[in-house]
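To be precise, the following lines are work01.txt, and they hold compact mmCIF, C-alpha atoms.
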```txt
# COMPACT_ATOMS: atom_id res chain seq x y z
CA MET A 1002 -2.16 -58.61 -32.06
CA TYR A 1003 -3.24 -55.15 -33.15
CA PHE A 1004 -6.89 -54.62 -34.09
CA VAL A 1005 -8.65 -51.59 -35.50
CA VAL A 1006 -12.36 -51.62 -34.72
CA ALA A 1007 -14.53 -49.33 -36.87
CA GLY A 1008 -17.71 -48.28 -35.10
CA ALA A 1009 -18.23 -48.04 -31.34
CA GLY A 1010 -21.86 -49.07 -31.07
CA GLU A 1011 -22.86 -51.90 -28.75
CA VAL A 1012 -21.06 -54.46 -30.89
CA GLY A 1013 -17.88 -52.41 -31.34
CA PHE A 1014 -17.74 -51.45 -27.68
CA HIS A 1015 -18.09 -54.95 -26.27
CA LEU A 1016 -15.90 -56.49 -28.94
CA SER A 1017 -13.12 -54.01 -28.15
CA GLN A 1018 -13.49 -54.66 -24.45
CA ALA A 1019 -13.17 -58.41 -25.02
CA LEU A 1020 -10.12 -57.95 -27.25
CA LEU A 1021 -8.44 -55.73 -24.65
CA GLU A 1022 -9.17 -58.24 -21.90
CA SER A 1023 -7.46 -60.96 -23.91
CA GLY A 1024 -4.36 -58.78 -24.08
CA HIS A 1025 -4.65 -57.35 -27.59
CA GLU A 1026 -3.95 -53.81 -28.68
CA VAL A 1027 -7.03 -52.00 -29.98
CA THR A 1028 -7.89 -48.70 -31.64
CA ILE A 1029 -11.56 -47.81 -32.07
CA ILE A 1030 -12.69 -45.34 -34.74
CA GLU A 1031 -16.03 -43.68 -34.02
CA ALA A 1032 -17.53 -40.75 -35.92
CA ASP A 1033 -19.97 -39.61 -33.23
CA ARG A 1034 -18.16 -37.42 -30.69
CA ARG A 1035 -20.44 -38.17 -27.75
CA ARG A 1036 -20.29 -41.90 -28.32
CA ALA A 1037 -16.51 -41.69 -28.72
CA ASN A 1038 -16.22 -39.87 -25.37
CA PHE A 1039 -18.52 -42.39 -23.70
CA VAL A 1040 -16.38 -45.31 -24.82
CA GLN A 1041 -13.14 -43.49 -24.05
CA GLU A 1042 -14.27 -42.98 -20.44
CA ARG A 1043 -14.77 -46.73 -20.08
CA LEU A 1044 -11.98 -48.26 -22.13
CA GLY A 1045 -9.25 -45.63 -21.94
CA SER A 1046 -7.69 -43.43 -24.58
CA ILE A 1047 -7.90 -45.88 -27.45
CA VAL A 1048 -10.74 -44.11 -29.25
CA MET A 1049 -10.30 -41.97 -32.33
CA ASN A 1050 -13.11 -39.54 -33.07
CA ALA A 1051 -13.22 -39.65 -36.88
CA PRO A 1052 -15.22 -41.16 -39.74
CA ALA A 1053 -13.83 -44.66 -40.33
CA ASP A 1054 -14.84 -44.62 -43.99
CA GLU A 1055 -12.26 -41.95 -44.77
CA GLY A 1056 -8.80 -43.02 -45.85
CA ARG A 1057 -7.04 -40.49 -43.68
CA ALA A 1058 -8.67 -41.69 -40.46
CA GLN A 1059 -7.65 -45.25 -41.27
CA MET A 1060 -4.05 -44.21 -41.85
CA GLU A 1061 -3.99 -42.31 -38.56
CA ALA A 1062 -5.45 -45.30 -36.74
CA GLY A 1063 -2.52 -47.35 -38.03
CA CYS A 1064 -4.43 -49.69 -40.32
CA SER A 1065 -1.23 -50.32 -42.26
CA ARG A 1066 0.38 -52.01 -39.26
CA ALA A 1067 -2.82 -53.59 -37.92
CA ASP A 1068 -3.21 -57.36 -38.02
CA ALA A 1069 -6.92 -56.96 -38.68
CA LEU A 1070 -9.64 -54.39 -39.16
CA ILE A 1071 -13.17 -55.17 -38.05
CA ALA A 1072 -16.00 -52.98 -39.37
CA VAL A 1073 -19.04 -53.24 -37.11
CA THR A 1074 -21.19 -50.17 -37.80
CA GLY A 1075 -24.92 -50.59 -38.33
CA ASP A 1076 -24.62 -49.60 -42.00
CA ASP A 1077 -23.71 -52.35 -44.47
CA ALA A 1078 -22.57 -50.04 -47.27
CA LYS A 1079 -20.29 -48.26 -44.82
CA ASN A 1080 -18.83 -51.52 -43.52
CA LEU A 1081 -18.14 -52.63 -47.08
CA VAL A 1082 -16.32 -49.42 -48.00
CA ILE A 1083 -14.37 -49.35 -44.70
CA CYS A 1084 -13.09 -52.87 -45.38
CA GLN A 1085 -12.29 -52.25 -49.04
CA LEU A 1086 -10.42 -49.02 -48.26
CA ALA A 1087 -8.36 -50.69 -45.53
CA LYS A 1088 -7.56 -53.60 -47.81
CA ILE A 1089 -6.55 -51.45 -50.78
CA ARG A 1090 -5.07 -48.30 -49.29
CA CYS A 1091 -3.56 -49.63 -46.06
CA ARG A 1092 -3.01 -53.24 -47.12
CA THR A 1093 -4.48 -54.45 -43.85
CA PRO A 1094 -3.96 -58.23 -44.11
CA ARG A 1095 -7.31 -59.23 -42.66
CA VAL A 1096 -10.59 -57.34 -42.87
CA ILE A 1097 -13.85 -58.51 -41.32
CA ALA A 1098 -17.23 -56.91 -41.98
CA ARG A 1099 -20.39 -57.06 -39.94
CA VAL A 1100 -23.34 -57.66 -42.24
CA ASN A 1101 -26.65 -56.41 -40.90
CA ASN A 1102 -28.79 -57.64 -43.79
CA PRO A 1103 -27.97 -61.37 -44.23
CA LYS A 1104 -28.65 -61.03 -47.96
CA ASN A 1105 -25.49 -58.93 -48.21
CA GLU A 1106 -23.15 -61.76 -47.14
CA ILE A 1107 -22.94 -63.07 -50.68
CA VAL A 1108 -22.67 -59.54 -52.10
CA PHE A 1109 -19.69 -58.78 -49.84
CA LYS A 1110 -17.98 -62.02 -50.89
CA THR A 1111 -18.39 -61.18 -54.55
CA LEU A 1112 -16.93 -57.74 -53.90
CA GLY A 1113 -13.80 -59.17 -52.27
CA ILE A 1114 -14.68 -59.15 -48.56
CA ASP A 1115 -14.48 -62.83 -47.63
CA GLU A 1116 -14.98 -62.62 -43.91
CA THR A 1117 -18.39 -61.48 -42.80
CA ILE A 1118 -20.37 -61.85 -39.61
CA SER A 1119 -24.11 -61.61 -39.74
CA SER A 1120 -25.63 -61.20 -36.30
CA THR A 1121 -29.01 -62.11 -37.74
CA ARG A 1122 -27.63 -65.37 -39.06
CA VAL A 1123 -25.80 -66.17 -35.83
CA LEU A 1124 -29.00 -65.56 -33.88
CA MET A 1125 -31.03 -67.63 -36.31
CA ASN A 1126 -28.58 -70.50 -35.96
CA VAL A 1127 -28.73 -70.33 -32.17
CA ILE A 1128 -32.51 -70.28 -32.24
CA GLU A 1129 -32.69 -73.14 -34.70
CA GLN A 1130 -30.35 -75.18 -32.53
CA GLU A 1131 -32.60 -74.59 -29.54
CA LEU A 1132 -35.72 -75.62 -31.41
CA PRO A 1133 -36.68 -79.31 -31.11
CA SER A 1134 -37.33 -79.59 -34.85
CA GLY A 1135 -33.63 -80.30 -35.33
CA GLY A 1136 -32.97 -80.88 -38.97
CA PHE A 1137 -30.44 -79.02 -41.00
CA MET A 1138 -28.34 -76.18 -39.55
CA PRO A 1139 -25.35 -74.35 -40.95
CA LEU A 1140 -23.48 -73.76 -37.66
CA MET A 1141 -20.73 -71.37 -38.67
CA SER A 1142 -18.66 -70.19 -41.58
CA LEU A 1143 -14.99 -71.06 -41.38
CA ALA A 1144 -12.71 -68.02 -41.21
CA GLY A 1145 -10.59 -67.24 -44.23
CA SER A 1146 -12.26 -69.70 -46.58
CA ALA A 1147 -15.58 -70.07 -48.35
CA ASN A 1148 -16.46 -73.11 -46.26
CA GLU A 1149 -18.83 -73.78 -43.44
CA LEU A 1150 -19.72 -76.32 -40.79
CA ILE A 1151 -23.19 -77.88 -41.03
CA GLU A 1152 -25.05 -80.07 -38.58
CA ALA A 1153 -27.80 -82.30 -39.86
CA GLU A 1154 -29.99 -84.73 -37.96
CA ILE A 1155 -30.86 -87.96 -39.73
CA ALA A 1156 -34.64 -88.35 -39.74
CA ILE A 1157 -36.84 -91.43 -40.26
CA GLY A 1158 -37.54 -92.22 -43.88
CA THR A 1159 -34.80 -90.06 -45.35
CA PRO A 1160 -32.33 -91.56 -47.85
CA PRO A 1161 -29.28 -91.67 -45.51
CA ALA A 1162 -31.03 -93.53 -42.65
CA GLY A 1163 -29.42 -96.97 -42.37
CA LYS A 1164 -26.94 -96.24 -45.17
CA SER A 1165 -23.17 -95.84 -44.84
CA VAL A 1166 -21.38 -92.51 -44.83
CA GLY A 1167 -19.59 -93.51 -48.02
CA SER A 1168 -22.86 -93.83 -49.90
CA LEU A 1169 -23.99 -90.28 -49.14
CA ARG A 1170 -24.32 -88.22 -52.30
CA LEU A 1171 -22.38 -85.26 -50.96
CA PRO A 1172 -21.12 -82.59 -53.37
CA SER A 1173 -17.40 -82.52 -54.11
CA GLY A 1174 -15.41 -80.73 -51.45
CA ALA A 1175 -17.81 -81.69 -48.67
CA LEU A 1176 -16.70 -84.14 -45.99
CA VAL A 1177 -18.17 -85.70 -42.88
CA GLY A 1178 -16.16 -84.64 -39.82
CA GLY A 1179 -17.90 -86.77 -37.24
CA ILE A 1180 -21.20 -87.93 -35.82
CA ILE A 1181 -22.90 -87.19 -32.55
CA ARG A 1182 -24.80 -90.34 -31.55
CA LYS A 1183 -26.78 -90.37 -28.30
CA GLY A 1184 -24.81 -87.36 -27.07
CA LYS A 1185 -21.40 -88.87 -27.83
CA LEU A 1186 -19.04 -87.63 -30.50
CA MET A 1187 -17.78 -90.44 -32.68
CA HIS A 1188 -15.45 -90.85 -35.60
CA ALA A 1189 -17.01 -91.48 -39.00
CA ASP A 1190 -15.47 -93.24 -41.98
CA ASP A 1191 -16.99 -94.41 -45.24
CA ASP A 1192 -18.25 -97.66 -43.66
CA THR A 1193 -19.98 -96.06 -40.67
CA LYS A 1194 -23.72 -96.78 -40.85
CA LEU A 1195 -25.95 -93.78 -40.15
CA GLU A 1196 -28.77 -94.26 -37.66
CA VAL A 1197 -31.95 -92.24 -37.19
CA GLY A 1198 -31.22 -89.47 -34.67
CA ASP A 1199 -27.53 -89.22 -35.58
CA ARG A 1200 -26.30 -85.65 -35.85
CA VAL A 1201 -23.84 -85.54 -38.72
CA MET A 1202 -21.22 -82.78 -38.79
CA VAL A 1203 -20.31 -81.84 -42.35
CA PHE A 1204 -17.64 -79.46 -43.58
CA SER A 1205 -18.68 -78.06 -46.92
CA PRO A 1206 -18.10 -75.23 -49.37
CA THR A 1207 -20.72 -72.59 -48.49
CA ALA A 1208 -21.88 -72.56 -52.10
CA SER A 1209 -22.79 -76.26 -51.95
CA GLU A 1210 -25.03 -75.95 -48.89
CA SER A 1211 -28.21 -76.85 -50.77
CA GLU A 1212 -26.65 -80.00 -52.21
CA VAL A 1213 -25.55 -81.10 -48.73
CA ARG A 1214 -29.08 -80.49 -47.53
CA LYS A 1215 -30.43 -82.65 -50.34
CA ALA A 1216 -27.98 -85.47 -49.61
CA LEU A 1217 -28.79 -85.58 -45.90
CA MET A 1218 -32.41 -84.55 -45.68
CA GLY A 1219 -33.74 -86.03 -48.91
CA MET B 342 -29.91 -46.92 -73.95
CA ASN B 343 -31.36 -48.52 -70.79
CA VAL B 344 -30.27 -46.45 -67.81
CA ILE B 345 -30.83 -46.92 -64.08
CA ILE B 346 -30.45 -43.96 -61.78
CA VAL B 347 -30.15 -44.72 -58.07
CA GLY B 348 -30.95 -41.69 -55.93
CA CYS B 349 -33.50 -39.19 -57.14
CA GLY B 350 -32.41 -35.94 -55.57
CA ARG B 351 -31.96 -32.79 -57.58
CA VAL B 352 -29.13 -34.16 -59.71
CA GLY B 353 -30.72 -37.58 -60.22
CA GLY B 354 -34.09 -36.07 -61.13
CA PHE B 355 -32.50 -33.59 -63.49
CA LEU B 356 -30.45 -36.21 -65.30
CA ALA B 357 -33.37 -38.66 -65.46
CA GLY B 358 -35.49 -35.98 -67.12
CA LEU B 359 -32.75 -35.12 -69.57
CA LEU B 360 -32.12 -38.73 -70.66
CA ASP B 361 -35.84 -39.47 -70.81
CA SER B 362 -36.46 -36.49 -73.09
CA GLU B 363 -33.73 -37.79 -75.39
CA GLY B 364 -35.61 -41.07 -75.74
CA HIS B 365 -33.59 -43.32 -73.43
CA ARG B 366 -35.31 -45.86 -71.21
CA VAL B 367 -34.77 -44.66 -67.66
CA SER B 368 -35.59 -46.36 -64.33
CA VAL B 369 -35.19 -44.32 -61.18
CA VAL B 370 -34.68 -45.96 -57.78
CA ASP B 371 -35.05 -44.03 -54.57
CA ILE B 372 -35.17 -45.28 -51.01
CA ALA B 373 -38.35 -45.13 -48.97
CA SER B 374 -37.07 -42.63 -46.47
CA THR B 375 -38.17 -43.00 -42.88
CA SER B 376 -37.32 -39.43 -41.98
CA PRO B 377 -40.56 -37.53 -41.38
CA ALA B 378 -39.15 -34.42 -43.03
CA ARG B 379 -38.91 -36.27 -46.33
CA ALA B 380 -41.96 -38.48 -45.96
CA GLU B 381 -44.09 -35.35 -45.99
CA ARG B 382 -42.98 -34.59 -49.50
CA ALA B 383 -43.78 -36.63 -52.56
CA TRP B 384 -41.29 -39.30 -53.65
CA PHE B 385 -39.55 -38.45 -56.88
CA GLN B 386 -40.55 -34.82 -56.61
CA HIS B 387 -37.49 -33.79 -58.58
CA LEU B 388 -38.58 -35.63 -61.72
CA PRO B 389 -40.11 -33.45 -64.43
CA THR B 390 -43.84 -33.97 -65.09
CA SER B 391 -43.02 -35.18 -68.58
CA PHE B 392 -40.96 -38.14 -67.24
CA LYS B 393 -42.12 -41.37 -68.90
CA GLY B 394 -39.69 -43.80 -67.28
CA GLU B 395 -40.15 -46.10 -64.30
CA THR B 396 -39.93 -45.15 -60.65
CA ILE B 397 -39.08 -47.79 -58.07
CA LEU B 398 -39.29 -47.20 -54.34
CA GLY B 399 -36.56 -49.23 -52.64
CA ASP B 400 -32.94 -49.61 -51.58
CA GLY B 401 -30.57 -49.29 -54.54
CA THR B 402 -28.08 -51.68 -52.93
CA ASP B 403 -30.67 -54.48 -52.78
CA LEU B 404 -30.29 -57.03 -55.58
CA GLU B 405 -34.04 -57.60 -55.84
CA VAL B 406 -34.80 -53.89 -56.13
CA LEU B 407 -32.14 -53.54 -58.82
CA ARG B 408 -33.57 -56.51 -60.72
CA GLN B 409 -36.97 -54.88 -60.54
CA ALA B 410 -35.42 -51.76 -62.05
CA GLY B 411 -34.25 -53.92 -64.95
CA ILE B 412 -30.55 -54.11 -64.14
CA GLU B 413 -30.19 -57.34 -66.11
CA ARG B 414 -30.68 -55.43 -69.36
CA ALA B 415 -29.26 -52.07 -68.28
CA ASP B 416 -26.49 -50.42 -70.28
CA ALA B 417 -25.60 -47.96 -67.56
CA LEU B 418 -26.14 -47.33 -63.86
CA LEU B 419 -25.57 -44.02 -62.11
CA ALA B 420 -25.42 -43.99 -58.31
CA LEU B 421 -26.30 -40.49 -57.16
CA THR B 422 -27.63 -40.78 -53.61
CA GLU B 423 -26.38 -38.56 -50.81
CA GLY B 424 -24.28 -41.40 -49.38
CA ASP B 425 -20.82 -42.05 -50.86
CA ASN B 426 -20.78 -45.59 -49.48
CA ARG B 427 -24.21 -46.49 -50.77
CA ASN B 428 -23.22 -45.17 -54.19
CA LEU B 429 -20.03 -47.22 -54.19
CA MET B 430 -21.89 -50.36 -53.13
CA ALA B 431 -24.61 -49.94 -55.78
CA ALA B 432 -22.02 -49.24 -58.48
CA GLN B 433 -19.95 -52.30 -57.57
CA ILE B 434 -23.03 -54.54 -57.49
CA ALA B 435 -23.96 -53.28 -60.95
CA GLN B 436 -20.50 -53.82 -62.36
CA LYS B 437 -19.29 -56.98 -60.60
CA ILE B 438 -22.53 -58.90 -60.12
CA PHE B 439 -24.68 -57.82 -63.06
CA GLY B 440 -21.93 -56.89 -65.51
CA VAL B 441 -23.36 -53.46 -66.35
CA LYS B 442 -20.94 -51.84 -68.81
CA GLN B 443 -21.07 -48.22 -67.78
CA VAL B 444 -21.20 -47.46 -64.09
CA ILE B 445 -20.74 -44.08 -62.47
CA ALA B 446 -20.85 -43.29 -58.76
CA LYS B 447 -21.05 -39.90 -57.14
CA VAL B 448 -18.46 -39.88 -54.37
CA ASN B 449 -17.93 -36.58 -52.64
CA ASP B 450 -14.85 -37.65 -50.67
CA PRO B 451 -11.95 -37.21 -53.14
CA VAL B 452 -9.87 -39.94 -51.46
CA ARG B 453 -12.58 -42.53 -51.86
CA ALA B 454 -13.31 -41.27 -55.39
CA GLN B 455 -9.70 -41.82 -56.42
CA THR B 456 -9.33 -45.20 -54.71
CA TYR B 457 -12.35 -46.70 -56.43
CA ARG B 458 -11.47 -45.15 -59.78
CA GLU B 459 -8.21 -47.07 -59.57
CA MET B 460 -10.31 -50.19 -58.92
CA GLY B 461 -12.19 -49.61 -62.15
CA ILE B 462 -15.33 -47.94 -60.80
CA ASN B 463 -16.02 -44.69 -62.57
CA THR B 464 -16.40 -42.07 -59.87
CA PHE B 465 -16.71 -38.33 -59.72
CA SER B 466 -16.49 -36.06 -56.75
CA ARG B 467 -18.74 -33.03 -56.62
CA THR B 468 -16.14 -31.42 -54.42
CA THR B 469 -13.37 -31.48 -57.03
CA ILE B 470 -15.56 -31.04 -60.12
CA LEU B 471 -17.43 -28.05 -58.79
CA GLY B 472 -14.31 -26.59 -57.24
CA THR B 473 -12.34 -26.96 -60.46
CA LEU B 474 -15.15 -25.47 -62.51
CA LEU B 475 -15.46 -22.46 -60.25
CA HIS B 476 -11.72 -22.01 -60.31
CA ALA B 477 -11.69 -22.17 -64.12
CA MET B 478 -14.53 -19.66 -64.34
CA LEU B 479 -12.74 -17.27 -62.02
CA GLN B 480 -9.39 -17.23 -63.64
CA GLU B 481 -7.08 -18.52 -66.26
CA ASP B 482 -9.40 -20.93 -68.06
CA ARG B 483 -12.59 -19.00 -68.82
CA GLU B 484 -13.44 -21.18 -71.82
CA VAL B 485 -13.95 -24.42 -69.90
CA GLY B 486 -16.35 -22.73 -67.57
CA GLU B 487 -18.20 -20.88 -70.30
CA VAL B 488 -19.01 -23.94 -72.43
CA LEU B 489 -20.33 -25.82 -69.44
CA MET B 490 -22.28 -22.88 -68.10
CA ARG B 491 -23.88 -22.26 -71.50
CA LYS B 492 -25.14 -25.86 -71.62
CA ALA B 493 -26.27 -25.80 -68.03
CA LEU B 494 -28.16 -22.53 -68.47
CA ALA B 495 -29.94 -23.93 -71.53
CA HIS B 496 -31.11 -26.96 -69.53
CA GLU B 497 -32.14 -24.67 -66.74
CA ALA B 498 -34.30 -22.63 -69.12
CA ASP B 499 -36.03 -25.85 -70.27
CA MET B 500 -36.76 -26.77 -66.69
CA VAL B 501 -38.20 -23.37 -65.87
CA ASN B 502 -40.48 -23.48 -68.90
CA GLU B 503 -41.82 -26.90 -68.12
CA PRO B 504 -45.47 -27.06 -66.97
CA LEU B 505 -45.95 -27.11 -63.22
CA LYS B 506 -46.94 -30.22 -61.35
CA ALA B 507 -50.15 -30.24 -59.35
CA PRO B 508 -49.12 -29.00 -55.91
CA VAL B 509 -48.66 -31.65 -53.25
CA LYS B 510 -51.29 -31.24 -50.57
CA ALA B 511 -49.99 -30.50 -47.12
CA ARG B 512 -51.33 -32.81 -44.43
```
Mind converting the file's structure to structure tokens?
Amino acid sequence: MYFVVAGAGEVGFHLSQALLESGHEVTIIEADRRRANFVQERLGSIVMNAPADEGRAQMEAGCSRADALIAVTGDDAKNLVICQLAKIRCRTPRVIARVNNPKNEIVFKTLGIDETISSTRVLMNVIEQELPSGGFMPLMSLAGSANELIEAEIAIGTPPAGKSVGSLRLPSGALVGGIIRKGKLMHADDDTKLEVGDRVMVFSPTASESEVRKALMG
Amino acid sequence: MNVIIVGCGRVGGFLAGLLDSEGHRVSVVDIASTSPARAERAWFQHLPTSFKGETILGDGTDLEVLRQAGIERADALLALTEGDNRNLMAAQIAQKIFGVKQVIAKVNDPVRAQTYREMGINTFSRTTILGTLLHAMLQEDREVGEVLMRKALAHEADMVNEPLKAPVKAR
């Protein structure tokens, strides 16, 4: 596949390297000349020294034939505009924006950029998973849709403990994908009884996260 | 009219003063700059002393800051910071999230200005407006330039006559 990566900071550099190693074609657009040279010396002549938020640079980088554009600069407003321009002017089929301020995820979605990655959120999720408190964790958002995967641990004294999956008051659109019980992944249907300590994997519309939390955590 | 102006540079400050003197309710949002060169100077230094509106220190692309500026009852938002992208983001938030009727963004890159205008965001590019005006003044279309210049010079005279602010103490 052909990827255009906008921004050659740490994220853009390592992302491009990984994409190249998996056999993809990559063009990086970087406005800073010294940074562009630095990356060019390491990854080869795939770097364009130009501002990625200008339509002309995107055309020259071949955004109109790219399978995806990924905007990973450290500036949210810039990432938003890069993605919107590529989508509108170059009709790039898939645009992905890095969101530095997690609050902007919802803003980007409202403004037509569905796929966002928030490093802060990813880190938070990793940290929360490592913490013994367990509980309720949105694990990841599912690409190309407004859905996400949530893991929730059933605690003592909460409404779902001892009840069946079918009796959970999940919002519409949410479904239980499976349960991890004592380290083993198991299938869950409506009759499966939930035990304390079960980790329930739920697929849910991102917008209904709080209702899922309520249903599982009380 | 309730107006929010994001970005209080020379143009933002000038326009805020103008609207305020006409009796509109104006809120001005400007970012708390971290650059030492700017931190030395007073925030909102380009506002006239007579300005009666609100000043809010914060990021004009932040929903909370915009709410604080009263975006929920704003009739218009003008995004006039030095960053084209920030202006486009603030303008889109105002229009698409808060439903502000009149939204104008300063976008100096003509390509971006045109693209977003086609998307329904009112944009203007200093590059093309100033260039066209100068061109009109120089040659075939003297009238266009003259009307605008007459208005601008009148505003300028008002600004010059306005009482001076107490000088900002140097550290």
>> Please compute the CA of Arg1182 (chain A)-CA of Glu1210 (chain A) distance, one decimal, in Å.
In response: 22.5 Å
> Taking only C-alpha atoms into account, which residues of chain A are within 10 Å of chain B, as a PyMOL selection string?
Replying inline: chain A and resi 1054-1057+1076-1083+1085-1086+1089-1090+1102+1104-1105+1108-1109+1111-1112
>> So that I can check the surroundings of Gly358 (chain B), please list as a ChimeraX atom specification every protein, DNA and RNA residue that reaches within 12 Å of it, counting only C-alpha atoms and ignoring chain neighbours fewer than 5 positions away.
In response: /B:344,346,349-353,363-369,385-395,496-497,499-500,503
> Got a sec to check which residues sit within 7 Å of (-15.6, -46.9, -67.1), counting all atoms listed in the file, and write them as a list of chain:residue names?
Replying inline: B:Gln443, B:Val444, B:Gly461, B:Ile462, B:Asn463
>> Which residues are close to Ala454 (chain B), i.e. within 8 Å by only C-alpha atoms, leaving aside same-chain residues fewer than 4 positions away? Reply as a list of chain:residue names.
In response: B:Val448, B:Asn449, B:Asp450, B:Arg458, B:Thr464, B:Phe465, B:Ser466
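Nearest to Met1002 (chain A) of all the residues A:Ile1151, A:Ala1087, A:Leu1021, A:Val1166 is A:Leu1021, counting only C-alpha atoms.
You will find CA of Ser1165 (chain A) at 6.4 Å from CA of Asp1191 (chain A).
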>> Quick check, in Å to one decimal: how far apart do CA of Phe1014 (chain A) and CA of Thr1028 (chain A) lie?
In response: 11.0 Å
> If we count all atoms listed in the file, what is near Gly1163 (chain A) at a cut-off of 8 Å, once residues fewer than 4 positions away on the same chain are taken out, given as a list in words?
Replying inline: Lys1194, Leu1195, Glu1196 and Val1197 of chain A
So that I have them on file, write out the residues from the current selection with C-alpha atoms, as a short mmCIF file (atom, residue, chain, number, x, y, z; two decimals), keeping the file's coordinate frame.
```cif
data_model
loop_
_atom_site.label_atom_id
_atom_site.label_comp_id
_atom_site.auth_asym_id
_atom_site.auth_seq_id
_atom_site.Cartn_x
_atom_site.Cartn_y
_atom_site.Cartn_z
CA LYS A 1194 -23.72 -96.78 -40.85
CA LEU A 1195 -25.95 -93.78 -40.15
CA GLU A 1196 -28.77 -94.26 -37.66
CA VAL A 1197 -31.95 -92.24 -37.19
#
```
Find the smallest box with edges along x, y and z containing every listed atom of region 1111-1123 of chain A, then add 5 Å on each side and report centre and edge lengths in Å to one decimal, as lines of an AutoDock Vina configuration file.
```
center_x = -21.4
center_y = -62.0
center_z = -45.2
size_x = 25.2
size_y = 18.4
size_z = 28.7
```
> How would you write as an MDAnalysis selection string the residues that get within 10 Å of (-13.9, -44.2, -35.8) in the file's frame, counting all atoms listed in the file?
Replying inline: chainID A and resid 1005:1009 1028:1034 1037 1048:1055 1058:1059 1062 1072 1074
> Which residues come within 6 Å of region 1175-1181 of chain A, counting all atoms listed in the file, excluding same-chain residues fewer than 6 positions away, as a ChimeraX atom specification?
Replying inline: /A:1187-1189,1199-1205
When you get a chance, write out N, CA and C atoms for region 1004-1015 of chain A, as a compact mmCIF listing (two decimals), in the frame of the given file.
```
# COMPACT_ATOMS: atom_id res chain seq x y z
N PHE A 1004 -5.61 -54.68 -33.40
CA PHE A 1004 -6.89 -54.62 -34.09
C PHE A 1004 -7.39 -53.18 -34.21
N VAL A 1005 -7.92 -52.85 -35.37
CA VAL A 1005 -8.65 -51.59 -35.50
C VAL A 1005 -10.13 -51.94 -35.60
N VAL A 1006 -10.92 -51.36 -34.72
CA VAL A 1006 -12.36 -51.62 -34.72
C VAL A 1006 -13.07 -50.37 -35.23
N ALA A 1007 -13.82 -50.48 -36.30
CA ALA A 1007 -14.53 -49.33 -36.87
C ALA A 1007 -15.97 -49.35 -36.41
N GLY A 1008 -16.35 -48.34 -35.61
CA GLY A 1008 -17.71 -48.28 -35.10
C GLY A 1008 -17.74 -48.68 -33.64
N ALA A 1009 -18.21 -47.76 -32.77
CA ALA A 1009 -18.23 -48.04 -31.34
C ALA A 1009 -19.66 -48.14 -30.81
N GLY A 1010 -20.52 -48.78 -31.58
CA GLY A 1010 -21.86 -49.07 -31.07
C GLY A 1010 -21.76 -50.17 -30.04
N GLU A 1011 -22.89 -50.81 -29.74
CA GLU A 1011 -22.86 -51.90 -28.75
C GLU A 1011 -21.88 -52.99 -29.16
N VAL A 1012 -21.94 -53.39 -30.42
CA VAL A 1012 -21.06 -54.46 -30.89
C VAL A 1012 -19.59 -54.04 -30.80
N GLY A 1013 -19.27 -52.87 -31.33
CA GLY A 1013 -17.88 -52.41 -31.34
C GLY A 1013 -17.33 -52.22 -29.94
N PHE A 1014 -18.16 -51.69 -29.06
CA PHE A 1014 -17.74 -51.45 -27.68
C PHE A 1014 -17.40 -52.75 -26.96
N HIS A 1015 -18.33 -53.70 -27.00
CA HIS A 1015 -18.09 -54.95 -26.27
C HIS A 1015 -17.01 -55.81 -26.92
```
